[in-house]
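To be precise, the following lines are structure.cif, and they hold mmCIF, C-alpha atoms.
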```
data_protein
#
loop_
_atom_site.label_atom_id
_atom_site.label_comp_id
_atom_site.auth_asym_id
_atom_site.auth_seq_id
_atom_site.Cartn_x
_atom_site.Cartn_y
_atom_site.Cartn_z
CA MET Y 914 130.52 169.80 113.41
CA LYS Y 915 130.10 166.18 114.44
CA THR Y 916 126.36 166.75 114.81
CA ILE Y 917 126.06 168.23 111.31
CA PHE Y 918 128.14 165.38 109.91
CA LYS Y 919 125.91 162.78 111.63
CA LYS Y 920 122.78 164.49 110.33
CA LEU Y 921 124.21 164.64 106.82
CA SER Y 922 125.23 160.98 107.05
CA VAL Y 923 121.72 159.96 108.09
CA ILE Y 924 120.17 162.04 105.28
CA ILE Y 925 122.54 160.51 102.71
CA VAL Y 926 121.76 156.97 103.88
CA VAL Y 927 117.99 157.62 103.76
CA VAL Y 928 118.25 159.12 100.27
CA MET Y 929 120.39 156.22 99.03
CA LEU Y 930 118.00 153.65 100.44
CA SER Y 931 114.99 155.31 98.87
CA VAL Y 932 116.77 155.64 95.52
CA SER Y 933 118.06 152.06 95.57
CA CYS Y 934 114.61 150.72 96.52
CA SER Y 935 112.91 152.58 93.73
CA SER Y 936 115.50 151.44 91.18
CA ASP Y 937 115.40 147.83 92.42
CA SER Y 938 111.65 147.76 92.25
CA GLY Y 939 111.56 149.02 88.70
CA ASP Y 940 108.79 146.43 88.06
CA THR Y 941 105.47 147.95 87.18
CA PRO Y 942 102.46 146.42 88.91
CA CYS Y 943 100.83 143.66 86.82
CA THR Y 944 97.27 143.85 85.60
CA PRO Y 945 95.10 141.01 86.91
CA ILE Y 946 93.25 138.91 84.32
CA ALA Y 947 89.85 137.28 84.71
CA CYS Y 948 90.31 133.59 85.46
CA LEU Y 949 87.65 131.36 83.89
CA ASN Y 950 86.17 127.96 84.81
CA GLY Y 951 86.77 128.38 88.53
CA GLY Y 952 90.43 129.45 88.22
CA THR Y 953 91.88 131.66 90.95
CA SER Y 954 94.11 134.70 90.52
CA THR Y 955 97.77 134.42 91.57
CA ALA Y 956 100.06 137.11 93.01
CA ASP Y 957 101.81 137.54 89.65
CA CYS Y 958 98.44 138.26 87.96
CA GLY Y 959 98.21 134.80 86.42
CA CYS Y 960 95.67 132.05 87.08
CA ASP Y 961 95.80 128.84 89.07
CA CYS Y 962 93.56 126.54 86.99
CA PRO Y 963 91.36 123.79 88.40
CA GLN Y 964 91.84 120.21 87.26
CA GLY Y 965 90.73 119.79 83.65
CA PHE Y 966 91.56 123.32 82.48
CA THR Y 967 94.71 125.10 81.28
CA GLY Y 968 95.81 128.30 79.54
CA SER Y 969 96.71 131.77 80.77
CA ASN Y 970 93.11 132.36 81.91
CA CYS Y 971 92.02 128.68 82.33
CA SER Y 972 89.90 128.86 79.16
CA THR Y 973 91.22 125.66 77.53
CA GLN Y 974 89.48 122.42 78.47
CA ILE Y 975 91.79 119.38 78.73
CA THR Y 976 90.52 116.10 77.26
CA PRO Y 977 90.46 113.48 80.03
CA THR Y 978 92.20 110.13 79.59
CA GLN Y 979 89.15 108.34 80.97
CA VAL Y 980 85.52 108.97 81.79
CA LYS Y 981 84.06 106.58 84.35
CA ILE Y 982 80.35 105.80 84.39
CA THR Y 983 79.50 104.98 88.02
CA SER Y 984 75.72 104.72 87.76
CA ILE Y 985 72.88 104.85 85.24
CA ARG Y 986 69.35 105.98 86.05
CA VAL Y 987 66.63 105.14 83.52
CA THR Y 988 63.86 107.74 83.66
CA LYS Y 989 61.78 106.88 80.59
CA PHE Y 990 61.28 103.99 78.17
CA PRO Y 991 58.41 102.68 76.00
CA ASP Y 992 55.77 101.14 78.27
CA ALA Y 993 54.36 98.96 75.51
CA THR Y 994 55.55 97.26 72.33
CA PRO Y 995 55.39 99.26 69.07
CA ASN Y 996 51.97 97.71 68.33
CA GLY Y 997 50.66 98.64 71.80
CA ASN Y 998 50.85 95.22 73.44
CA TRP Y 999 52.24 94.26 76.83
CA TRP Y 1000 55.95 93.42 76.79
CA ASP Y 1001 55.25 90.09 78.44
CA THR Y 1002 52.09 88.16 77.58
CA THR Y 1003 52.90 84.72 78.98
CA PRO Y 1004 51.78 83.50 81.44
CA SER Y 1005 49.86 86.78 81.92
CA ASN Y 1006 50.10 90.35 80.68
CA SER Y 1007 52.88 92.27 82.47
CA ASP Y 1008 55.40 95.06 81.99
CA ALA Y 1009 58.98 94.60 80.83
CA ASP Y 1010 61.74 93.07 82.96
CA ILE Y 1011 64.32 95.70 82.00
CA PHE Y 1012 68.10 95.51 81.80
CA LEU Y 1013 70.72 97.56 79.92
CA THR Y 1014 73.66 97.02 77.60
CA ILE Y 1015 76.22 99.48 76.25
CA GLU Y 1016 77.72 98.91 72.81
CA ASN Y 1017 80.45 100.77 70.97
CA ILE Y 1018 79.85 102.19 67.51
CA ASN Y 1019 80.86 98.81 66.02
CA ASN Y 1020 78.00 97.13 67.93
CA THR Y 1021 80.37 95.31 70.30
CA THR Y 1022 78.87 95.01 73.78
CA ILE Y 1023 81.18 96.58 76.38
CA TRP Y 1024 78.85 96.25 79.38
CA THR Y 1025 75.70 94.38 80.39
CA SER Y 1026 73.85 95.23 83.57
CA PRO Y 1027 74.16 92.34 86.03
CA THR Y 1028 70.69 93.07 87.46
CA TYR Y 1029 67.24 93.72 86.04
CA TYR Y 1030 63.94 95.15 87.24
CA THR Y 1031 60.86 92.94 87.10
CA ASP Y 1032 57.61 94.42 85.73
CA ALA Y 1033 59.11 97.89 85.25
CA THR Y 1034 56.76 100.56 83.99
CA GLY Y 1035 57.78 103.35 81.64
CA ILE Y 1036 54.90 105.53 82.80
CA GLY Y 1037 55.02 108.13 85.56
CA THR Y 1038 57.90 109.44 87.63
CA LEU Y 1039 59.49 106.12 88.54
CA SER Y 1040 63.19 105.67 87.84
CA TYR Y 1041 65.42 102.61 87.74
CA ASN Y 1042 69.02 102.72 88.96
CA PHE Y 1043 71.73 100.49 87.57
CA VAL Y 1044 75.06 100.58 89.42
CA PRO Y 1045 77.94 98.74 87.71
CA THR Y 1046 79.96 96.48 90.03
CA THR Y 1047 83.03 98.39 88.79
CA PRO Y 1048 82.87 101.70 86.90
CA ILE Y 1049 82.45 101.48 83.13
CA ILE Y 1050 85.60 103.08 81.70
CA ILE Y 1051 85.34 105.02 78.45
CA THR Y 1052 88.58 106.11 76.73
CA ASN Y 1053 87.47 106.76 73.14
CA PHE Y 1054 85.57 110.03 72.77
CA THR Y 1055 85.71 110.34 68.96
CA SER Y 1056 82.66 108.14 68.38
CA GLY Y 1057 79.44 107.47 70.20
CA TYR Y 1058 78.06 104.58 72.19
CA TYR Y 1059 74.64 102.92 72.25
CA MET Y 1060 72.68 102.53 75.46
CA ASN Y 1061 70.20 99.72 74.83
CA ILE Y 1062 67.26 98.77 77.03
CA TRP Y 1063 65.90 95.22 76.85
CA ASP Y 1064 63.05 93.11 78.16
CA LYS Y 1065 64.57 90.03 79.80
CA ASP Y 1066 62.73 86.88 78.75
CA THR Y 1067 63.37 83.22 79.49
CA LEU Y 1068 64.24 82.15 75.96
CA SER Y 1069 65.55 85.35 74.40
CA SER Y 1070 65.53 88.99 75.43
CA GLU Y 1071 63.47 91.50 73.47
CA PHE Y 1072 64.96 94.81 72.36
CA ILE Y 1073 62.99 97.82 73.62
CA ASP Y 1074 64.85 101.01 72.60
CA LEU Y 1075 68.24 102.77 72.35
CA VAL Y 1076 70.01 106.10 72.68
CA LEU Y 1077 73.22 107.10 70.86
CA PHE Y 1078 75.38 109.01 73.38
CA ASN Y 1079 78.90 110.20 74.15
CA PRO Y 1080 79.75 110.73 77.83
CA TYR Y 1081 82.31 113.47 77.08
CA ASN Y 1082 82.05 116.74 75.17
CA SER Y 1083 85.09 118.94 74.45
CA SER Y 1084 83.20 121.99 75.70
CA GLY Y 1085 80.93 122.57 78.64
CA GLY Y 1086 83.23 121.41 81.41
CA PHE Y 1087 82.97 118.25 83.46
CA PRO Y 1088 79.44 117.71 84.76
CA THR Y 1089 79.05 114.89 87.27
CA THR Y 1090 75.68 113.96 85.78
CA LYS Y 1091 74.50 114.07 82.18
CA THR Y 1092 71.07 113.24 80.77
CA PHE Y 1093 70.52 111.69 77.34
CA THR Y 1094 67.30 111.21 75.34
CA ASN Y 1095 66.82 109.64 71.93
CA SER Y 1096 65.47 111.60 68.95
CA THR Y 1097 61.92 110.29 69.45
CA SER Y 1098 61.93 111.13 73.21
CA THR Y 1099 60.91 107.57 74.09
CA PHE Y 1100 64.00 106.58 76.09
CA SER Y 1101 65.92 108.75 78.59
CA PHE Y 1102 68.63 108.05 81.12
CA GLN Y 1103 71.08 109.91 83.34
CA LEU Y 1104 74.75 109.01 83.81
CA THR Y 1105 76.81 109.74 86.91
CA LEU Y 1106 80.38 110.44 85.77
CA GLU Y 1107 83.94 110.78 87.05
CA TYR Y 1108 86.88 112.11 85.02
CA VAL Y 1109 90.55 111.09 85.01
CA TRP Y 1110 93.34 113.23 83.50
#
```
For the file at hand, write its structure as structure tokens.
Amino acid sequence: MKTIFKKLSVIIVVVMLSVSCSSDSGDTPCTPIACLNGGTSTADCGCDCPQGFTGSNCSTQITPTQVKITSIRVTKFPDATPNGNWWDTTPSNSDADIFLTIENINNTTIWTSPTYYTDATGIGTLSYNFVPTTPIIITNFTSGYYMNIWDKDTLSSEFIDLVLFNPYNSSGGFPTTKTFTNSTSTFSFQLTLEYVW
């Protein structure tokens, strides 16, 4: 009788445990969602979003508080004046001594390159790198900026060309480099960027 009672007791305990487990785990398994923009799936079928993105599937891009320009590489500019002459004619014909400025949409200069390149040519595959002593910080993304290239002269510098650009776009993610070219394809440059949220 004791043996039957022990067996019945064990059977009852096993049945109760299985019933209580199934009732406690009344949760149905979740359905994983596709995480976008480099997000990773979590155990609860959500997404762990990378910096700069939010939303249930990481589809919403967050506007940064700052974009930092850490370097500028000029890849193309007019090699001659609009009438075809050398940029510098005195004391002898030579190419431009180039430097850059950035202006806001109100034509206020926010940065001037501290260095310049002597006798720079706009022809071929040469490129000219300008590295700010401290990053250029952009916080207003609602309007554009002008990148101006100049020929440095002794008395006054001569304007060469410009590109209207905005270092941040509300779609397309957060590229570390962006290339800009003006509408006439005469001036091109590449920015190296960092983002702060």
Residues selected by the PyMOL selection byres ((chain Y and resi 957) around 9), written as a compact mmCIF listing (two decimals) with C-alpha atoms, in the frame of the given file:
```txt
# COMPACT_ATOMS: atom_id res chain seq x y z
CA PRO Y 942 102.46 146.42 88.91
CA CYS Y 943 100.83 143.66 86.82
CA THR Y 944 97.27 143.85 85.60
CA PRO Y 945 95.10 141.01 86.91
CA SER Y 954 94.11 134.70 90.52
CA THR Y 955 97.77 134.42 91.57
CA ALA Y 956 100.06 137.11 93.01
CA CYS Y 958 98.44 138.26 87.96
CA GLY Y 959 98.21 134.80 86.42
CA CYS Y 960 95.67 132.05 87.08
```
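Going from atom CA of Y:Thr1022 to atom CA of Y:Thr1092 covers 21.0 Å.
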Exercise. Work out how far apart atom CA of Y:Asp1010 and atom CA of Y:Ser1096 are and give it in Å to one decimal.
Key: 23.5 Å
Quiz prompt | Nearest residue to Y:Asn1019 from the set Y:Pro977, Y:Gly1057, Y:Pro995, Y:Gly1037 (distances using all atoms listed in the file) | solution =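 The closest residue to Y:Asn1019 is Y:Gly1057.
Between atom CA of Y:Arg986 and atom CA of Y:Pro1080 the separation is 14.1 Å.
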Could you pull stretch 958-971 of chain Y out of the structure just shown and give N, CA, C and O atoms as a JSON list (two decimals), in the first residue's frame?
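Written out: selection_19.json:
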```
[["chain", "number", "residue", "atom", "x", "y", "z"],
["Y", 958, "CYS", "N", 12.22, 39.90, -28.92],
["Y", 958, "CYS", "CA", 11.81, 40.17, -30.31],
["Y", 958, "CYS", "C", 11.75, 41.66, -30.63],
["Y", 958, "CYS", "O", 11.01, 42.06, -31.54],
["Y", 959, "GLY", "N", 12.49, 42.46, -29.90],
["Y", 959, "GLY", "CA", 12.62, 43.88, -30.22],
["Y", 959, "GLY", "C", 13.93, 44.11, -30.95],
["Y", 959, "GLY", "O", 14.53, 43.18, -31.49],
["Y", 960, "CYS", "N", 14.39, 45.36, -30.96],
["Y", 960, "CYS", "CA", 15.64, 45.70, -31.62],
["Y", 960, "CYS", "C", 16.49, 46.57, -30.71],
["Y", 960, "CYS", "O", 15.97, 47.46, -30.02],
["Y", 961, "ASP", "N", 17.77, 46.31, -30.68],
["Y", 961, "ASP", "CA", 18.74, 47.15, -30.01],
["Y", 961, "ASP", "C", 19.35, 48.02, -31.11],
["Y", 961, "ASP", "O", 20.07, 47.52, -31.97],
["Y", 962, "CYS", "N", 19.04, 49.32, -31.10],
["Y", 962, "CYS", "CA", 19.40, 50.21, -32.21],
["Y", 962, "CYS", "C", 20.80, 50.79, -32.03],
["Y", 962, "CYS", "O", 21.20, 51.11, -30.91],
["Y", 963, "PRO", "N", 21.53, 50.96, -33.13],
["Y", 963, "PRO", "CA", 22.84, 51.61, -33.04],
["Y", 963, "PRO", "C", 22.66, 53.10, -32.80],
["Y", 963, "PRO", "O", 21.57, 53.65, -32.97],
["Y", 964, "GLN", "N", 23.74, 53.75, -32.40],
["Y", 964, "GLN", "CA", 23.69, 55.19, -32.14],
["Y", 964, "GLN", "C", 23.21, 55.92, -33.40],
["Y", 964, "GLN", "O", 23.65, 55.63, -34.50],
["Y", 965, "GLY", "N", 22.28, 56.84, -33.19],
["Y", 965, "GLY", "CA", 21.74, 57.62, -34.31],
["Y", 965, "GLY", "C", 20.42, 57.13, -34.85],
["Y", 965, "GLY", "O", 19.83, 57.78, -35.72],
["Y", 966, "PHE", "N", 19.92, 55.97, -34.35],
["Y", 966, "PHE", "CA", 18.65, 55.44, -34.83],
["Y", 966, "PHE", "C", 17.77, 55.04, -33.66],
["Y", 966, "PHE", "O", 18.26, 54.67, -32.59],
["Y", 967, "THR", "N", 16.46, 55.10, -33.87],
["Y", 967, "THR", "CA", 15.49, 54.72, -32.84],
["Y", 967, "THR", "C", 14.27, 54.13, -33.52],
["Y", 967, "THR", "O", 14.21, 54.01, -34.73],
["Y", 968, "GLY", "N", 13.27, 53.75, -32.71],
["Y", 968, "GLY", "CA", 12.05, 53.15, -33.24],
["Y", 968, "GLY", "C", 12.03, 51.65, -32.99],
["Y", 968, "GLY", "O", 13.06, 51.06, -32.66],
["Y", 969, "SER", "N", 10.87, 51.04, -33.13],
["Y", 969, "SER", "CA", 10.73, 49.62, -32.84],
["Y", 969, "SER", "C", 11.63, 48.75, -33.71],
["Y", 969, "SER", "O", 12.11, 47.71, -33.28],
["Y", 970, "ASN", "N", 11.91, 49.20, -34.95],
["Y", 970, "ASN", "CA", 12.79, 48.44, -35.83],
["Y", 970, "ASN", "C", 14.02, 49.25, -36.26],
["Y", 970, "ASN", "O", 14.66, 48.94, -37.25],
["Y", 971, "CYS", "N", 14.34, 50.32, -35.52],
["Y", 971, "CYS", "CA", 15.51, 51.18, -35.78],
["Y", 971, "CYS", "C", 15.40, 51.92, -37.11],
["Y", 971, "CYS", "O", 16.41, 52.24, -37.74]]
```
